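Raw query_28.txt, compact mmCIF, N, CA and C atoms:
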# COMPACT_ATOMS: atom_id res chain seq x y z
N MET A 4 99.19 77.73 94.16
CA MET A 4 100.40 77.68 94.94
C MET A 4 101.26 78.93 94.73
N ALA A 5 101.41 79.36 93.46
CA ALA A 5 102.21 80.54 93.17
C ALA A 5 101.57 81.78 93.79
N TYR A 6 100.24 81.85 93.70
CA TYR A 6 99.53 82.99 94.28
C TYR A 6 99.79 83.07 95.78
N GLU A 7 99.65 81.93 96.46
CA GLU A 7 99.87 81.90 97.91
C GLU A 7 101.30 82.28 98.25
N ALA A 8 102.24 81.79 97.49
CA ALA A 8 103.65 82.10 97.76
C ALA A 8 103.92 83.60 97.63
N GLU A 9 103.22 84.25 96.72
CA GLU A 9 103.43 85.69 96.54
C GLU A 9 102.64 86.51 97.56
N MET A 10 101.41 86.10 97.83
CA MET A 10 100.54 86.92 98.67
C MET A 10 100.74 86.70 100.17
N ARG A 11 101.14 85.51 100.60
CA ARG A 11 101.28 85.23 102.03
C ARG A 11 102.22 86.21 102.73
N PRO A 12 103.44 86.45 102.21
CA PRO A 12 104.32 87.40 102.90
C PRO A 12 103.72 88.81 103.00
N ARG A 13 103.01 89.21 101.96
CA ARG A 13 102.37 90.54 102.00
C ARG A 13 101.30 90.59 103.09
N ALA A 14 100.46 89.58 103.12
CA ALA A 14 99.38 89.54 104.12
C ALA A 14 99.96 89.46 105.53
N GLU A 15 101.02 88.69 105.71
CA GLU A 15 101.64 88.58 107.03
C GLU A 15 102.24 89.91 107.48
N GLY A 16 102.82 90.65 106.54
CA GLY A 16 103.37 91.97 106.87
C GLY A 16 102.30 92.92 107.35
N VAL A 17 101.16 92.93 106.67
CA VAL A 17 100.04 93.79 107.07
C VAL A 17 99.50 93.33 108.42
N LEU A 18 99.37 92.04 108.61
CA LEU A 18 98.87 91.50 109.87
C LEU A 18 99.78 91.91 111.03
N ARG A 19 101.09 91.76 110.87
CA ARG A 19 102.01 92.15 111.94
C ARG A 19 101.92 93.65 112.23
N ALA A 20 101.81 94.46 111.19
CA ALA A 20 101.72 95.91 111.39
C ALA A 20 100.44 96.28 112.12
N ASN A 21 99.35 95.58 111.84
CA ASN A 21 98.08 95.88 112.49
C ASN A 21 98.09 95.56 113.97
N ARG A 22 98.98 94.70 114.38
CA ARG A 22 99.09 94.39 115.81
C ARG A 22 99.72 95.53 116.57
N GLY A 23 100.41 96.40 115.88
CA GLY A 23 101.02 97.57 116.50
C GLY A 23 100.18 98.79 116.23
N LYS A 24 100.59 99.56 115.24
CA LYS A 24 99.89 100.79 114.89
C LYS A 24 99.17 100.59 113.57
N GLY A 25 98.03 99.97 113.62
CA GLY A 25 97.26 99.70 112.41
C GLY A 25 96.51 100.92 111.92
N PRO A 26 95.61 100.72 110.98
CA PRO A 26 94.82 101.82 110.42
C PRO A 26 94.02 102.57 111.49
N ASP A 27 93.63 101.89 112.55
CA ASP A 27 92.90 102.56 113.63
C ASP A 27 93.76 103.60 114.34
N ALA A 28 95.06 103.56 114.11
CA ALA A 28 95.96 104.54 114.74
C ALA A 28 95.59 105.96 114.34
N VAL A 29 95.07 106.13 113.12
CA VAL A 29 94.68 107.47 112.68
C VAL A 29 93.54 108.00 113.55
N MET A 30 92.57 107.15 113.82
CA MET A 30 91.46 107.58 114.69
C MET A 30 91.96 107.89 116.10
N GLN A 31 92.92 107.11 116.58
CA GLN A 31 93.48 107.38 117.91
C GLN A 31 94.24 108.69 117.93
N MET A 32 94.97 109.00 116.84
CA MET A 32 95.69 110.27 116.77
C MET A 32 94.71 111.44 116.85
N VAL A 33 93.59 111.33 116.14
CA VAL A 33 92.58 112.39 116.18
C VAL A 33 92.06 112.55 117.60
N GLU A 34 91.75 111.45 118.23
CA GLU A 34 91.25 111.50 119.62
C GLU A 34 92.28 112.13 120.55
N ASP A 35 93.54 111.73 120.42
CA ASP A 35 94.60 112.27 121.28
C ASP A 35 94.83 113.76 121.06
N ARG A 36 94.72 114.19 119.82
CA ARG A 36 95.04 115.59 119.50
C ARG A 36 93.91 116.56 119.79
N CYS A 37 92.66 116.11 119.65
CA CYS A 37 91.57 117.09 119.80
C CYS A 37 90.34 116.53 120.50
N GLY A 38 90.46 115.33 121.04
CA GLY A 38 89.30 114.74 121.69
C GLY A 38 88.20 114.36 120.71
N GLY A 39 88.54 114.32 119.44
CA GLY A 39 87.56 113.94 118.43
C GLY A 39 86.67 115.08 117.97
N VAL A 40 86.95 116.27 118.43
CA VAL A 40 86.14 117.44 118.06
C VAL A 40 86.96 118.33 117.13
N PHE A 41 86.46 118.54 115.92
CA PHE A 41 87.17 119.37 114.95
C PHE A 41 86.20 119.82 113.86
N ASP A 42 86.56 120.89 113.18
CA ASP A 42 85.78 121.35 112.03
C ASP A 42 86.44 120.94 110.72
N ASP A 43 87.76 120.86 110.74
CA ASP A 43 88.51 120.52 109.53
C ASP A 43 89.59 119.52 109.94
N ILE A 44 89.50 118.29 109.43
CA ILE A 44 90.44 117.23 109.82
C ILE A 44 91.88 117.62 109.53
N GLU A 45 92.11 118.44 108.51
CA GLU A 45 93.48 118.82 108.18
C GLU A 45 94.11 119.73 109.23
N THR A 46 93.32 120.32 110.09
CA THR A 46 93.90 121.09 111.19
C THR A 46 94.35 120.15 112.31
N VAL A 47 93.87 118.93 112.28
CA VAL A 47 94.23 117.92 113.29
C VAL A 47 95.35 117.03 112.76
N ILE A 48 95.16 116.51 111.58
CA ILE A 48 96.17 115.66 110.92
C ILE A 48 96.33 116.15 109.50
N PRO A 49 97.49 116.71 109.18
CA PRO A 49 97.70 117.18 107.81
C PRO A 49 97.59 116.03 106.79
N ARG A 50 97.14 116.37 105.60
CA ARG A 50 96.97 115.38 104.53
C ARG A 50 98.27 114.62 104.27
N THR A 51 99.41 115.29 104.41
CA THR A 51 100.69 114.61 104.18
C THR A 51 100.92 113.49 105.20
N ASP A 52 100.49 113.69 106.44
CA ASP A 52 100.63 112.65 107.46
C ASP A 52 99.71 111.47 107.14
N LEU A 53 98.49 111.74 106.70
CA LEU A 53 97.57 110.67 106.32
C LEU A 53 98.12 109.89 105.12
N ALA A 54 98.68 110.60 104.16
CA ALA A 54 99.24 109.96 102.98
C ALA A 54 100.44 109.09 103.36
N ALA A 55 101.26 109.55 104.28
CA ALA A 55 102.42 108.76 104.73
C ALA A 55 101.96 107.49 105.43
N HIS A 56 100.91 107.60 106.24
CA HIS A 56 100.37 106.42 106.93
C HIS A 56 99.83 105.41 105.91
N ALA A 57 99.12 105.89 104.91
CA ALA A 57 98.58 105.01 103.87
C ALA A 57 99.71 104.38 103.05
N GLU A 58 100.73 105.15 102.73
CA GLU A 58 101.85 104.63 101.94
C GLU A 58 102.57 103.51 102.69
N HIS A 59 102.66 103.63 103.99
CA HIS A 59 103.28 102.57 104.81
C HIS A 59 102.57 101.24 104.56
N TYR A 60 101.25 101.26 104.57
CA TYR A 60 100.49 100.03 104.35
C TYR A 60 100.57 99.54 102.91
N LYS A 61 100.62 100.46 101.97
CA LYS A 61 100.77 100.07 100.57
C LYS A 61 102.10 99.35 100.37
N ARG A 62 103.15 99.85 101.00
CA ARG A 62 104.46 99.21 100.88
C ARG A 62 104.47 97.83 101.52
N LEU A 63 103.87 97.72 102.69
CA LEU A 63 103.81 96.41 103.37
C LEU A 63 103.11 95.36 102.52
N SER A 64 102.05 95.77 101.85
CA SER A 64 101.25 94.82 101.08
C SER A 64 101.76 94.64 99.66
N GLY A 65 102.74 95.45 99.26
CA GLY A 65 103.27 95.35 97.91
C GLY A 65 102.45 96.11 96.89
N PHE A 66 101.59 97.01 97.35
CA PHE A 66 100.72 97.74 96.44
C PHE A 66 101.07 99.22 96.31
N SER A 67 102.27 99.57 96.68
CA SER A 67 102.74 100.93 96.47
C SER A 67 102.94 101.13 94.97
N ILE A 68 102.68 102.30 94.46
CA ILE A 68 102.77 102.56 93.02
C ILE A 68 104.15 102.21 92.48
N ASP A 69 105.22 102.60 93.18
CA ASP A 69 106.55 102.31 92.65
C ASP A 69 106.85 100.81 92.69
N ILE A 70 106.35 100.10 93.68
CA ILE A 70 106.54 98.64 93.73
C ILE A 70 105.76 97.98 92.59
N LEU A 71 104.52 98.39 92.39
CA LEU A 71 103.71 97.81 91.32
C LEU A 71 104.30 98.09 89.94
N ASN A 72 104.79 99.30 89.74
CA ASN A 72 105.36 99.65 88.44
C ASN A 72 106.64 98.88 88.15
N ALA A 73 107.34 98.42 89.18
CA ALA A 73 108.57 97.66 89.00
C ALA A 73 108.30 96.19 88.69
N GLU A 74 107.08 95.73 88.93
CA GLU A 74 106.71 94.33 88.70
C GLU A 74 106.41 94.09 87.22
N PRO A 75 106.66 92.87 86.76
CA PRO A 75 106.26 92.56 85.38
C PRO A 75 104.73 92.50 85.30
N PRO A 76 104.17 92.72 84.11
CA PRO A 76 102.71 92.68 83.98
C PRO A 76 102.17 91.28 84.31
N ILE A 77 101.02 91.23 84.92
CA ILE A 77 100.45 89.92 85.28
C ILE A 77 99.76 89.28 84.07
N LEU A 78 99.19 90.08 83.23
CA LEU A 78 98.43 89.55 82.11
C LEU A 78 99.24 89.38 80.84
N GLY A 79 100.37 90.02 80.74
CA GLY A 79 101.17 89.97 79.53
C GLY A 79 100.61 90.92 78.49
N PRO A 80 101.21 90.95 77.32
CA PRO A 80 100.73 91.89 76.30
C PRO A 80 99.37 91.47 75.76
N LEU A 81 98.58 92.46 75.39
CA LEU A 81 97.27 92.20 74.80
C LEU A 81 97.46 91.86 73.33
N LYS A 82 96.81 90.82 72.87
CA LYS A 82 96.94 90.41 71.47
C LYS A 82 96.21 91.37 70.55
N GLY A 83 96.81 91.63 69.40
CA GLY A 83 96.18 92.51 68.42
C GLY A 83 96.31 93.97 68.76
N ARG A 84 97.13 94.30 69.73
CA ARG A 84 97.29 95.70 70.15
C ARG A 84 98.75 96.06 70.06
N ALA A 85 99.03 97.22 69.53
CA ALA A 85 100.42 97.67 69.43
C ALA A 85 100.97 97.93 70.81
N ALA A 86 102.20 97.56 71.04
CA ALA A 86 102.83 97.75 72.35
C ALA A 86 103.37 99.14 72.49
Go ahead and express the file in the form of structure tokens.
Amino acid sequence: MAYEAEMRPRAEGVLRANRGKGPDAVMQMVEDRCGGVFDDIETVIPRTDLAAHAEHYKRLSGFSIDILNAEPPILGPLKGRAA
């Protein structure tokens, strides 16, 4: 029950986003910009744009590095190990 309560909103956010500009949007951008013909993808879509698109989905799902780092540990401290 706790797992579902935490994960459902994340999954719903990703689902709603996919109905608009989902991950396939990157392929559509490539098609729109160059007809799908290129030698170097970074001349079509800079790495920073791809990273921003990926970060959007990480934030929606709650898996962005800063969001994860702000969460308490799921497993708790390891026994017999210095903190």
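Counting from atom C of Ala20 in chain A, the distance to atom C of Val47 in chain A is 21.4 Å.
Between CA of Arg22 in chain A and CA of Ala57 in chain A lies a distance of 16.0 Å.
The spacing separating atom N of Ala5 in chain A from CA of Pro26 in chain A amounts to 28.9 Å.
The environment of Arg13 in chain A within 6 Å, counting all atoms listed in the file and disregarding residues fewer than 2 places along the same chain, consists of Glu9, Met10, Arg11, Glu15, Gly16, Val17, Leu63, Ser64 and Gly65 of chain A.
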Could you dump the residues just selected with N, CA and C atoms as an mmCIF file, in the frame of the given file?
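Saved file result.cif follows:
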data_model
loop_
_atom_site.group_PDB
_atom_site.id
_atom_site.type_symbol
_atom_site.label_atom_id
_atom_site.label_comp_id
_atom_site.auth_asym_id
_atom_site.auth_seq_id
_atom_site.Cartn_x
_atom_site.Cartn_y
_atom_site.Cartn_z
ATOM 1 N N GLU A 9 103.220 84.250 96.720
ATOM 2 C CA GLU A 9 103.430 85.690 96.540
ATOM 3 C C GLU A 9 102.640 86.510 97.560
ATOM 4 N N MET A 10 101.410 86.100 97.830
ATOM 5 C CA MET A 10 100.540 86.920 98.670
ATOM 6 C C MET A 10 100.740 86.700 100.170
ATOM 7 N N ARG A 11 101.140 85.510 100.600
ATOM 8 C CA ARG A 11 101.280 85.230 102.030
ATOM 9 C C ARG A 11 102.220 86.210 102.730
ATOM 10 N N GLU A 15 101.020 88.690 105.710
ATOM 11 C CA GLU A 15 101.640 88.580 107.030
ATOM 12 C C GLU A 15 102.240 89.910 107.480
ATOM 13 N N GLY A 16 102.820 90.650 106.540
ATOM 14 C CA GLY A 16 103.370 91.970 106.870
ATOM 15 C C GLY A 16 102.300 92.920 107.350
ATOM 16 N N VAL A 17 101.160 92.930 106.670
ATOM 17 C CA VAL A 17 100.040 93.790 107.070
ATOM 18 C C VAL A 17 99.500 93.330 108.420
ATOM 19 N N LEU A 63 103.870 97.720 102.690
ATOM 20 C CA LEU A 63 103.810 96.410 103.370
ATOM 21 C C LEU A 63 103.110 95.360 102.520
ATOM 22 N N SER A 64 102.050 95.770 101.850
ATOM 23 C CA SER A 64 101.250 94.820 101.080
ATOM 24 C C SER A 64 101.760 94.640 99.660
ATOM 25 N N GLY A 65 102.740 95.450 99.260
ATOM 26 C CA GLY A 65 103.270 95.350 97.910
ATOM 27 C C GLY A 65 102.450 96.110 96.890
#
All alpha helix (DSSP H) residues (DSSP, backbone) inside chain A, as a PyMOL selection string: chain A and resi 5-21+27-37+44-47+50-64+68-73
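Near (94.8, 109.0, 106.7), the residues that fall inside 12 Å on the basis of only C-alpha atoms are A:Gly25, A:Pro26, A:Asp27, A:Ala28, A:Val29, A:Met30, A:Gln31, A:Met32, A:Val33, A:Ile44, A:Glu45, A:Val47, A:Ile48, A:Pro49, A:Arg50, A:Thr51, A:Asp52, A:Leu53, A:Ala54, A:Ala55, A:His56, A:Ala57, A:Glu58, A:His59, A:Tyr60.
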Mind writing the picked residues with N, CA and C atoms as a PDB file, keeping the file's coordinate frame?
ATOM      1  N   GLY A  25      98.030  99.970 113.620  1.00  0.00           N
ATOM      2  CA  GLY A  25      97.260  99.700 112.410  1.00  0.00           C
ATOM      3  C   GLY A  25      96.510 100.920 111.920  1.00  0.00           C
ATOM      4  N   PRO A  26      95.610 100.720 110.980  1.00  0.00           N
ATOM      5  CA  PRO A  26      94.820 101.820 110.420  1.00  0.00           C
ATOM      6  C   PRO A  26      94.020 102.570 111.490  1.00  0.00           C
ATOM      7  N   ASP A  27      93.630 101.890 112.550  1.00  0.00           N
ATOM      8  CA  ASP A  27      92.900 102.560 113.630  1.00  0.00           C
ATOM      9  C   ASP A  27      93.760 103.600 114.340  1.00  0.00           C
ATOM     10  N   ALA A  28      95.060 103.560 114.110  1.00  0.00           N
ATOM     11  CA  ALA A  28      95.960 104.540 114.740  1.00  0.00           C
ATOM     12  C   ALA A  28      95.590 105.960 114.340  1.00  0.00           C
ATOM     13  N   VAL A  29      95.070 106.130 113.120  1.00  0.00           N
ATOM     14  CA  VAL A  29      94.680 107.470 112.680  1.00  0.00           C
ATOM     15  C   VAL A  29      93.540 108.000 113.550  1.00  0.00           C
ATOM     16  N   MET A  30      92.570 107.150 113.820  1.00  0.00           N
ATOM     17  CA  MET A  30      91.460 107.580 114.690  1.00  0.00           C
ATOM     18  C   MET A  30      91.960 107.890 116.100  1.00  0.00           C
ATOM     19  N   GLN A  31      92.920 107.110 116.580  1.00  0.00           N
ATOM     20  CA  GLN A  31      93.480 107.380 117.910  1.00  0.00           C
ATOM     21  C   GLN A  31      94.240 108.690 117.930  1.00  0.00           C
ATOM     22  N   MET A  32      94.970 109.000 116.840  1.00  0.00           N
ATOM     23  CA  MET A  32      95.690 110.270 116.770  1.00  0.00           C
ATOM     24  C   MET A  32      94.710 111.440 116.850  1.00  0.00           C
ATOM     25  N   VAL A  33      93.590 111.330 116.140  1.00  0.00           N
ATOM     26  CA  VAL A  33      92.580 112.390 116.180  1.00  0.00           C
ATOM     27  C   VAL A  33      92.060 112.550 117.600  1.00  0.00           C
ATOM     28  N   ILE A  44      89.500 118.290 109.430  1.00  0.00           N
ATOM     29  CA  ILE A  44      90.440 117.230 109.820  1.00  0.00           C
ATOM     30  C   ILE A  44      91.880 117.620 109.530  1.00  0.00           C
ATOM     31  N   GLU A  45      92.110 118.440 108.510  1.00  0.00           N
ATOM     32  CA  GLU A  45      93.480 118.820 108.180  1.00  0.00           C
ATOM     33  C   GLU A  45      94.110 119.730 109.230  1.00  0.00           C
ATOM     34  N   VAL A  47      93.870 118.930 112.280  1.00  0.00           N
ATOM     35  CA  VAL A  47      94.230 117.920 113.290  1.00  0.00           C
ATOM     36  C   VAL A  47      95.350 117.030 112.760  1.00  0.00           C
ATOM     37  N   ILE A  48      95.160 116.510 111.580  1.00  0.00           N
ATOM     38  CA  ILE A  48      96.170 115.660 110.920  1.00  0.00           C
ATOM     39  C   ILE A  48      96.330 116.150 109.500  1.00  0.00           C
ATOM     40  N   PRO A  49      97.490 116.710 109.180  1.00  0.00           N
ATOM     41  CA  PRO A  49      97.700 117.180 107.810  1.00  0.00           C
ATOM     42  C   PRO A  49      97.590 116.030 106.790  1.00  0.00           C
ATOM     43  N   ARG A  50      97.140 116.370 105.600  1.00  0.00           N
ATOM     44  CA  ARG A  50      96.970 115.380 104.530  1.00  0.00           C
ATOM     45  C   ARG A  50      98.270 114.620 104.270  1.00  0.00           C
ATOM     46  N   THR A  51      99.410 115.290 104.410  1.00  0.00           N
ATOM     47  CA  THR A  51     100.690 114.610 104.180  1.00  0.00           C
ATOM     48  C   THR A  51     100.920 113.490 105.200  1.00  0.00           C
ATOM     49  N   ASP A  52     100.490 113.690 106.440  1.00  0.00           N
ATOM     50  CA  ASP A  52     100.630 112.650 107.460  1.00  0.00           C
ATOM     51  C   ASP A  52      99.710 111.470 107.140  1.00  0.00           C
ATOM     52  N   LEU A  53      98.490 111.740 106.700  1.00  0.00           N
ATOM     53  CA  LEU A  53      97.570 110.670 106.320  1.00  0.00           C
ATOM     54  C   LEU A  53      98.120 109.890 105.120  1.00  0.00           C
ATOM     55  N   ALA A  54      98.680 110.600 104.160  1.00  0.00           N
ATOM     56  CA  ALA A  54      99.240 109.960 102.980  1.00  0.00           C
ATOM     57  C   ALA A  54     100.440 109.090 103.360  1.00  0.00           C
ATOM     58  N   ALA A  55     101.260 109.550 104.280  1.00  0.00           N
ATOM     59  CA  ALA A  55     102.420 108.760 104.730  1.00  0.00           C
ATOM     60  C   ALA A  55     101.960 107.490 105.430  1.00  0.00           C
ATOM     61  N   HIS A  56     100.910 107.600 106.240  1.00  0.00           N
ATOM     62  CA  HIS A  56     100.370 106.420 106.930  1.00  0.00           C
ATOM     63  C   HIS A  56      99.830 105.410 105.910  1.00  0.00           C
ATOM     64  N   ALA A  57      99.120 105.890 104.910  1.00  0.00           N
ATOM     65  CA  ALA A  57      98.580 105.010 103.870  1.00  0.00           C
ATOM     66  C   ALA A  57      99.710 104.380 103.050  1.00  0.00           C
ATOM     67  N   GLU A  58     100.730 105.150 102.730  1.00  0.00           N
ATOM     68  CA  GLU A  58     101.850 104.630 101.940  1.00  0.00           C
ATOM     69  C   GLU A  58     102.570 103.510 102.690  1.00  0.00           C
ATOM     70  N   HIS A  59     102.660 103.630 103.990  1.00  0.00           N
ATOM     71  CA  HIS A  59     103.280 102.570 104.810  1.00  0.00           C
ATOM     72  C   HIS A  59     102.570 101.240 104.560  1.00  0.00           C
ATOM     73  N   TYR A  60     101.250 101.260 104.570  1.00  0.00           N
ATOM     74  CA  TYR A  60     100.490 100.030 104.350  1.00  0.00           C
ATOM     75  C   TYR A  60     100.570  99.540 102.910  1.00  0.00           C
TER      76      TYR A  60
END
